[in-house]
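Text of start_0.txt (compact mmCIF, C-alpha atoms) as supplied:
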```
# COMPACT_ATOMS: atom_id res chain seq x y z
CA MET H 1 23.45 10.91 36.63
CA HIS H 2 25.18 14.13 35.70
CA ALA H 3 27.86 14.31 38.37
CA ASP H 4 30.35 12.21 36.40
CA LEU H 5 29.92 14.03 33.10
CA ASN H 6 32.23 16.68 31.76
CA GLU H 7 31.43 19.34 29.21
CA GLN H 8 32.85 17.35 26.28
CA GLU H 9 30.69 14.33 27.13
CA LEU H 10 27.61 16.53 27.28
CA ARG H 11 28.44 17.98 23.87
CA ASP H 12 29.00 14.47 22.49
CA ARG H 13 25.54 13.41 23.69
CA LEU H 14 23.95 16.45 22.02
CA SER H 15 25.87 15.84 18.82
CA LEU H 16 24.82 12.16 18.83
CA ILE H 17 21.14 13.14 19.11
CA GLU H 18 21.43 15.64 16.25
CA SER H 19 23.28 13.25 13.94
CA MET H 20 20.86 10.37 14.58
CA ILE H 21 17.79 12.53 13.92
CA ALA H 22 19.40 13.76 10.68
CA GLU H 23 20.29 10.17 9.74
CA GLY H 24 16.65 9.12 10.02
CA ARG H 25 15.49 11.99 7.81
CA ARG H 26 18.21 11.38 5.22
CA THR H 27 16.87 7.94 4.39
CA THR H 28 17.28 7.19 0.71
CA GLU H 29 14.10 6.41 -1.17
CA SER H 30 14.41 4.49 -4.43
CA TRP H 31 11.63 5.28 -6.82
CA GLY H 32 13.53 5.85 -10.09
CA TRP H 33 12.93 2.26 -11.26
CA THR H 34 9.14 2.65 -10.92
CA PHE H 35 9.17 5.58 -13.37
CA VAL H 36 11.09 3.50 -15.90
CA LEU H 37 8.82 0.49 -15.31
CA TRP H 38 5.64 2.55 -15.83
CA GLY H 39 7.13 4.30 -18.89
CA VAL H 40 7.77 0.89 -20.46
CA ALA H 41 4.27 -0.26 -19.41
CA TYR H 42 2.70 2.76 -21.16
CA TYR H 43 4.68 1.97 -24.33
CA ILE H 44 3.60 -1.69 -24.24
CA ALA H 45 -0.06 -0.76 -23.70
CA LEU H 46 0.06 1.85 -26.48
CA ALA H 47 1.75 -0.55 -28.91
CA TRP H 48 -0.74 -3.31 -28.06
CA SER H 49 -3.77 -1.03 -28.45
CA ILE H 50 -2.49 0.36 -31.79
CA TRP H 51 -1.30 -2.82 -33.52
CA SER H 52 -3.83 -5.24 -32.06
CA PRO H 53 -6.75 -3.13 -30.81
CA SER H 54 -8.34 -4.59 -27.69
CA VAL H 55 -10.16 -3.17 -24.68
CA TRP H 56 -7.89 -5.41 -22.58
CA ALA H 57 -4.62 -3.78 -23.73
CA TRP H 58 -4.52 -1.12 -21.01
CA PRO H 59 -6.19 -3.01 -18.10
CA VAL H 60 -3.95 -6.08 -18.51
CA THR H 61 -0.73 -4.05 -18.89
CA ILE H 62 -1.62 -1.78 -15.96
CA VAL H 63 -2.53 -4.68 -13.65
CA ALA H 64 0.76 -6.41 -14.56
CA ALA H 65 2.69 -3.18 -13.83
CA VAL H 66 0.83 -2.77 -10.51
CA ILE H 67 1.81 -6.30 -9.46
CA VAL H 68 5.49 -5.78 -10.40
CA THR H 69 5.50 -2.40 -8.59
CA PHE H 70 3.89 -3.89 -5.46
CA VAL H 71 6.39 -6.76 -5.28
CA GLY H 72 9.34 -4.44 -5.97
CA VAL H 73 8.27 -1.87 -3.40
CA SER H 74 7.64 -4.57 -0.78
CA ILE H 75 11.12 -6.03 -1.30
CA LYS H 76 12.90 -2.66 -1.35
CA ALA H 77 10.89 -1.17 1.53
CA GLY H 78 11.77 -4.15 3.74
CA SER H 79 14.42 -2.51 5.88
CA ARG H 80 13.73 1.15 5.14
CA PRO H 81 11.98 3.24 7.76
CA GLU H 82 8.69 4.91 6.99
CA THR H 83 8.82 8.69 6.90
CA THR H 84 6.05 11.26 6.56
CA LEU H 85 7.50 12.42 3.23
CA GLY H 86 7.63 8.88 1.92
CA ARG H 87 4.03 8.23 2.95
CA ALA H 88 2.87 11.50 1.34
CA SER H 89 4.56 10.54 -1.95
CA MET H 90 3.13 7.03 -1.78
CA ALA H 91 -0.36 8.49 -1.18
CA ILE H 92 -0.12 10.67 -4.29
CA TRP H 93 0.94 7.83 -6.60
CA THR H 94 -1.56 5.37 -5.14
CA ALA H 95 -4.39 7.89 -5.61
CA LEU H 96 -3.18 8.56 -9.17
CA GLY H 97 -3.12 4.85 -9.98
CA VAL H 98 -6.60 4.20 -8.60
CA SER H 99 -8.07 7.31 -10.32
CA MET H 100 -6.62 6.45 -13.72
CA PHE H 101 -7.50 2.78 -13.50
CA VAL H 102 -11.13 3.34 -12.49
CA LEU H 103 -11.69 6.22 -14.93
CA PHE H 104 -10.09 4.70 -18.01
CA LEU H 105 -11.48 1.22 -17.37
CA ALA H 106 -15.02 2.64 -17.19
CA MET H 107 -14.45 4.90 -20.20
CA GLY H 108 -12.92 2.07 -22.20
CA PHE H 109 -15.72 -0.41 -21.57
CA THR H 110 -18.48 2.14 -22.22
CA GLY H 111 -16.86 3.35 -25.44
CA ARG H 112 -16.40 6.92 -24.21
CA LEU H 113 -12.74 6.90 -25.23
CA ALA H 114 -13.51 7.29 -28.91
CA ASP H 115 -11.11 10.24 -29.28
CA VAL H 116 -7.55 9.30 -28.31
CA ARG H 117 -6.77 12.99 -27.70
CA VAL H 118 -9.22 13.04 -24.79
CA PHE H 119 -7.48 10.02 -23.26
CA ILE H 120 -4.03 11.58 -23.71
CA SER H 121 -5.13 14.95 -22.33
CA ILE H 122 -6.72 13.44 -19.22
CA ALA H 123 -3.85 11.00 -18.59
CA SER H 124 -1.23 13.75 -19.08
CA ALA H 125 -3.09 16.18 -16.80
CA ILE H 126 -3.37 13.57 -14.02
CA LEU H 127 0.33 12.66 -14.39
CA GLY H 128 1.17 16.40 -14.30
CA MET H 129 -0.82 16.80 -11.10
CA ALA H 130 0.93 13.85 -9.39
CA ASN H 131 4.41 14.92 -10.52
CA GLY H 132 3.69 18.53 -9.53
CA ALA H 133 2.43 17.60 -6.07
CA SER H 134 5.33 15.18 -5.49
CA GLY H 135 7.89 17.71 -6.79
CA ILE H 136 6.56 20.41 -4.46
CA ILE H 137 6.52 18.05 -1.44
CA LEU H 138 10.07 16.83 -2.16
CA ARG H 139 11.26 20.28 -3.32
CA TRP H 140 12.55 18.53 -6.45
CA LYS H 141 12.80 20.95 -9.37
CA VAL H 142 13.43 18.22 -11.96
CA GLN H 143 10.13 16.58 -11.05
CA ILE H 144 8.32 19.92 -11.21
CA ALA H 145 9.80 20.32 -14.71
CA CYS H 146 8.31 16.90 -15.59
CA ALA H 147 4.93 18.12 -14.32
CA ILE H 148 5.18 21.13 -16.64
CA VAL H 149 5.95 18.82 -19.58
CA TRP H 150 2.89 16.70 -18.74
CA TRP H 151 0.64 19.76 -18.43
CA ALA H 152 1.95 21.08 -21.77
CA ALA H 153 1.25 17.67 -23.36
CA ALA H 154 -2.29 17.73 -21.88
CA ALA H 155 -3.01 21.15 -23.40
CA LEU H 156 -1.25 20.48 -26.71
CA SER H 157 -3.17 17.25 -27.32
CA CYS H 158 -6.39 19.25 -27.53
CA PHE H 159 -5.10 21.34 -30.46
CA VAL H 160 -3.45 18.75 -32.72
CA SER H 161 -4.47 15.73 -34.77
CA GLU H 162 -4.79 12.25 -33.21
CA SER H 163 -1.47 11.02 -34.62
CA GLN H 164 0.33 14.20 -33.51
CA SER H 165 -1.26 13.85 -30.08
CA LEU H 166 0.10 10.31 -29.87
CA ILE H 167 3.60 11.57 -30.73
CA VAL H 168 3.30 14.23 -28.01
CA PHE H 169 2.33 11.50 -25.52
CA LEU H 170 5.22 9.23 -26.57
CA VAL H 171 7.71 12.09 -26.20
CA ALA H 172 6.32 13.07 -22.78
CA ILE H 173 6.54 9.44 -21.61
CA PHE H 174 10.13 9.23 -22.85
CA PHE H 175 11.31 12.34 -21.01
CA CYS H 176 9.10 12.24 -17.89
CA GLN H 177 9.15 8.48 -17.26
CA ILE H 178 12.18 6.87 -18.90
CA VAL H 179 14.76 9.70 -18.78
CA PHE H 180 13.50 11.04 -15.43
CA GLY H 181 13.44 7.51 -13.98
CA ILE H 182 17.01 6.79 -15.07
CA TYR H 183 18.09 10.19 -13.72
CA GLY H 184 16.38 9.30 -10.41
CA MET H 185 18.13 5.93 -10.25
CA ILE H 186 21.53 7.55 -10.83
CA ALA H 187 20.80 10.21 -8.16
CA GLU H 188 19.72 7.51 -5.68
CA ALA H 189 22.84 5.43 -6.37
CA ARG H 190 25.04 8.49 -5.77
CA GLN H 191 23.20 9.26 -2.53
CA ARG H 192 23.58 5.67 -1.30
CA LYS H 193 27.27 5.74 -2.18
CA GLY H 194 27.70 8.99 -0.27
CA GLN H 195 25.99 7.52 2.80
CA ALA H 196 28.08 4.35 2.61
CA ASN H 197 31.25 6.46 2.52
CA ASN H 198 30.12 8.28 5.66
CA GLY H 199 29.86 4.90 7.39
CA PRO H 200 27.36 3.78 9.96
CA ALA H 201 26.52 6.00 12.93
CA HIS H 202 28.33 4.37 15.81
CA ALA H 203 26.54 4.49 19.06
CA MET U 1 36.27 19.64 34.05
CA ASP U 2 33.76 17.80 36.22
CA LEU U 3 30.46 19.43 36.76
CA PRO U 4 29.60 19.90 40.38
CA MET U 5 26.03 20.95 40.56
CA PRO U 6 23.38 20.74 43.12
CA ASP U 7 20.13 22.26 41.64
CA LEU U 8 20.81 21.02 38.13
CA PRO U 9 18.52 18.62 36.24
CA GLU U 10 19.12 14.89 36.33
CA LEU U 11 19.62 13.11 33.01
CA ASN U 12 17.08 10.33 32.42
CA PRO U 13 19.07 7.11 33.09
CA VAL U 14 16.86 5.05 30.75
CA ILE U 15 17.96 6.96 27.66
CA HIS U 16 21.36 8.08 28.90
CA GLY U 17 23.19 5.08 27.44
CA ARG U 18 24.69 5.96 24.03
CA LEU U 19 22.92 3.18 22.13
CA ARG U 20 19.53 3.81 23.73
CA LEU U 21 19.91 7.55 23.12
CA ALA U 22 20.87 6.92 19.48
CA LEU U 23 17.90 4.59 18.99
CA LEU U 24 15.38 7.03 20.44
CA SER U 25 16.87 9.87 18.36
CA LEU U 26 16.72 7.78 15.16
CA LEU U 27 13.12 6.81 15.81
CA SER U 28 12.15 10.43 16.51
CA GLY U 29 13.02 11.30 12.89
CA VAL U 30 10.93 8.57 11.23
CA GLU U 31 7.41 7.18 11.64
CA GLU U 32 8.58 3.62 12.07
CA ALA U 33 11.77 1.66 11.48
CA GLU U 34 12.74 -1.95 11.05
CA PHE U 35 15.19 -3.79 13.32
CA THR U 36 17.75 -4.30 10.54
CA TRP U 37 17.74 -0.60 9.63
CA LEU U 38 18.34 0.37 13.28
CA ARG U 39 21.15 -2.21 13.47
CA ALA U 40 22.81 -0.77 10.34
CA LYS U 41 22.54 2.83 11.52
CA THR U 42 23.93 2.12 14.98
CA ALA U 43 26.48 -0.52 13.93
CA SER U 44 25.42 -2.67 16.89
CA THR U 45 25.05 -6.41 17.34
CA ASP U 46 21.69 -8.18 17.27
CA GLY U 47 21.91 -9.14 20.95
CA ASN U 48 22.87 -5.72 22.26
CA LEU U 49 20.38 -3.94 20.02
CA GLY U 50 17.55 -6.27 21.04
CA ALA U 51 18.35 -5.80 24.74
CA GLN U 52 18.45 -1.98 24.50
CA LEU U 53 15.25 -1.85 22.44
CA LEU U 54 13.56 -4.04 25.05
CA LYS U 55 14.59 -1.62 27.82
CA LEU U 56 13.13 1.31 25.87
CA GLU U 57 9.98 -0.68 25.21
CA GLU U 58 9.63 -1.58 28.91
CA ALA U 59 9.97 2.10 29.78
CA GLY U 60 7.09 2.85 27.41
CA TYR U 61 9.27 4.90 25.07
CA LEU U 62 8.63 2.80 22.01
CA THR U 63 6.20 0.23 20.67
CA VAL U 64 7.03 -2.88 18.70
CA GLU U 65 5.05 -4.60 15.97
CA LYS U 66 5.97 -7.95 14.42
CA LYS U 67 4.59 -8.87 11.03
CA PHE U 68 5.35 -10.84 7.88
CA VAL U 69 6.00 -9.17 4.51
CA LEU U 70 6.33 -11.57 1.58
CA ARG U 71 6.81 -14.38 4.15
CA LYS U 72 9.74 -12.58 5.76
CA PRO U 73 9.42 -11.59 9.44
CA GLN U 74 9.68 -7.88 10.14
CA THR U 75 9.98 -6.17 13.52
CA LEU U 76 8.93 -2.55 13.40
CA TYR U 77 9.60 0.01 16.12
CA ARG U 78 7.82 3.32 16.69
CA ILE U 79 8.58 6.04 19.22
CA THR U 80 5.72 6.78 21.62
CA GLU U 81 4.59 10.18 22.87
CA ALA U 82 6.27 9.35 26.21
CA GLY U 83 9.50 8.55 24.33
CA ARG U 84 9.37 11.82 22.40
CA GLN U 85 8.71 13.70 25.65
CA ALA U 86 11.61 11.91 27.38
CA LEU U 87 13.97 12.81 24.53
CA THR U 88 12.84 16.45 24.57
CA GLU U 89 13.38 16.67 28.33
CA TYR U 90 16.77 14.95 28.01
CA VAL U 91 17.89 17.52 25.42
CA ARG U 92 16.58 20.36 27.60
CA ALA U 93 18.49 18.97 30.61
CA LEU U 94 21.65 18.54 28.51
CA LYS U 95 21.49 22.14 27.33
CA GLN U 96 20.89 23.34 30.86
CA LEU U 97 23.92 21.38 32.09
CA LEU U 98 26.01 22.71 29.22
CA GLY U 99 24.95 26.26 30.04
CA SER U 100 26.02 25.75 33.65
CA ALA U 101 29.29 24.21 32.53
CA MET U 102 30.06 27.25 30.44
CA ASP U 103 29.14 29.60 33.27
CA ALA U 104 31.44 27.73 35.65
```

What does the file become when written as C-alpha cells?
Amino acid sequence: MHADLNEQELRDRLSLIESMIAEGRRTTESWGWTFVLWGVAYYIALAWSIWSPSVWAWPVTIVAAVIVTFVGVSIKAGSRPETTLGRASMAIWTALGVSMFVLFLAMGFTGRLADVRVFISIASAILGMANGASGIILRWKVQIACAIVWWAAAALSCFVSESQSLIVFLVAIFFCQIVFGIYGMIAEARQRKGQANNGPAHA
Amino acid sequence: MDLPMPDLPELNPVIHGRLRLALLSLLSGVEEAEFTWLRAKTASTDGNLGAQLLKLEEAGYLTVEKKFVLRKPQTLYRITEAGRQALTEYVRALKQLLGSAMDA
C-alpha cells in the first residue's frame, strides 16, 4: 500500500487527519438563545408572582420554558455531533434545572418561601455554581464573570431589604441572562461565519 | 520521490482512502455524529458517503444507530475502539514512512 506513495502524499494524509480531528472539536454550540429565553422566563415568573400572586407562577413558567428549551435544543442539535464538552455542559444545566425545580416547588407548596431573599439567595447561588462550572469547563472568562455576579447577588440578598433584593435579582438576570445570552448569540454567529468562510473540509 | 522500502509498515487499506480516512478522523474527535454533519464536513455526496461509511462499519471501525428525533430520521455514527486503534496505527505507520522518506 505504501509503494506508490511519495513524501508529499504522506504529508497530505497526515495533514488531512489533523484537520479533520480539529474540525470535529471546533463544532459550534449554540446556547446563547437559551440564556435569553430563561432570562425572559424569570422576568415573566417574577412579574406574575408579584402582580398576581400564585403558587403556580413559577412552576407553570418554568415548565413552559423547559418545553421550549427541549424543542429548540432537539431541532438545533439535529445535525450537530455530540462532544464530551457539550455533554458536560448539558449535564450541568440539566442538574441545575432539576435541582431548582424540585427544591422551589417543594418550598413553594409547603410555604417555606416566606422570605423572598432566601429564594433569591438560593437561586442566585445555584445559578452561580452552574455558570462557574460551565465557565471553567469551557475556559470562558465571560461566563465565569457571570458566575461572580450571581454569587455576589446571592450574598448581597442576605444583607438588604426584600425590595432591594428583588432589584439585585432583576439586575443579575439582565446582565447574566439577557446580555450574556445576546453576547453568546453574537459570538456563535461570528464563529459560524468564520467556519463557513473556511469552507467544507474536502476529502 | 517514490518510496522504495522493504521492512516498512503497510498502510491499512480500509482507511487509506481519503474519504474513509477523513471520516474516521472526524469521528475520533467527537462522541457521535450525524450523517448530514459528516456530509457537510467532507463535502461528499450521499451515495459516496453512505458507501464509505458502510465499508468502515463492515470493518468494525464504527457503529451506526438509526433513530427518530421529532419524527425526523437520524443516523448516528460512532467510532469503535477498533477504529480508534486502526487510526492510531495508521498515523504511526505514516510517521514511520515519513521518517524513512526524510532519511532517504

Using all atoms listed in the file: which of U:Thr36, U:Thr75, U:Ser100, U:Gln85 has the shortest distance to chain H: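 The answer is U:Thr36, which sits nearest to chain H.
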
Polymer residues at most 10 Å from segment 60-73 of chain U, all atoms listed in the file, same-chain spacing of 2 or more positions, as number ranges by chain: H: 71, 74-75, 77-78; U: 14-15, 23-24, 27, 32-35, 53-58, 75-87

Counting all atoms listed in the file, chain U residues within 8 Å of chain H, as a VMD selection string: chain U and resid 1 to 5 10 to 13 18 to 19 21 to 23 25 to 37 40 to 44 69 to 70 74 91 94 97 to 98 101

Between atom CA of Trp58 of chain H and atom CA of Ala45 of chain H - distance in Å to one decimal: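 Atom CA of Trp58 of chain H lies 5.2 Å from atom CA of Ala45 of chain H.
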
Shortest interatomic distance to Asn131 of chain H - which of H:Val149, H:Met100, H:Ala114, H:Cys158, counting all atoms listed in the file: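 Checking each of H:Val149, H:Met100, H:Ala114, H:Cys158 against Asn131 of chain H, counting all atoms listed in the file, the winner is H:Val149.
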
Atom CA of Ile144 of chain H to atom CA of Gly97 of chain H, distance in Å rounded to a single decimal: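 Separating atom CA of Ile144 of chain H from atom CA of Gly97 of chain H is a distance of 19.0 Å.
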
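Here the question is which of H:Thr34, H:Thr110, H:Gln143, H:Gln191 gets nearest to Phe175 of chain H using only C-alpha atoms, and that residue is H:Gln143.
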
Between atom CA of Leu103 of chain H and atom CA of Trp56 of chain H, distance in Å (one decimal):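 Value for the atom CA of Leu103 of chain H-atom CA of Trp56 of chain H distance: 14.4 Å.
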
Ref. answer, residues at most 10 Å from (9.1, 0.4, -17.3) with only C-alpha atoms, as a ChimeraX atom specification: /H:33-44,65,68-69,177-178,181

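Nearest to Ala51 of chain U of all the residues U:Gly99, U:Leu38, U:Arg20, U:Pro9 is U:Arg20, counting all atoms listed in the file.
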
Taking all atoms of segment 151-166 of chain H that the file lists and extending 5 Å past them on each side, where is the centre of the axis-aligned box and how long are its edges? Answer in Å to one decimal, as JSON.
```
{"center_x": -2.2, "center_y": 15.8, "center_z": -26.6, "size_x": 18.3, "size_y": 21.0, "size_z": 26.3}
```

Spatial neighbours of Ser54 of chain H, 10 Å, all atoms listed in the file, chain gap at least 5 places, as a VMD selection string: chain H and resid 45 48 to 49 59 108
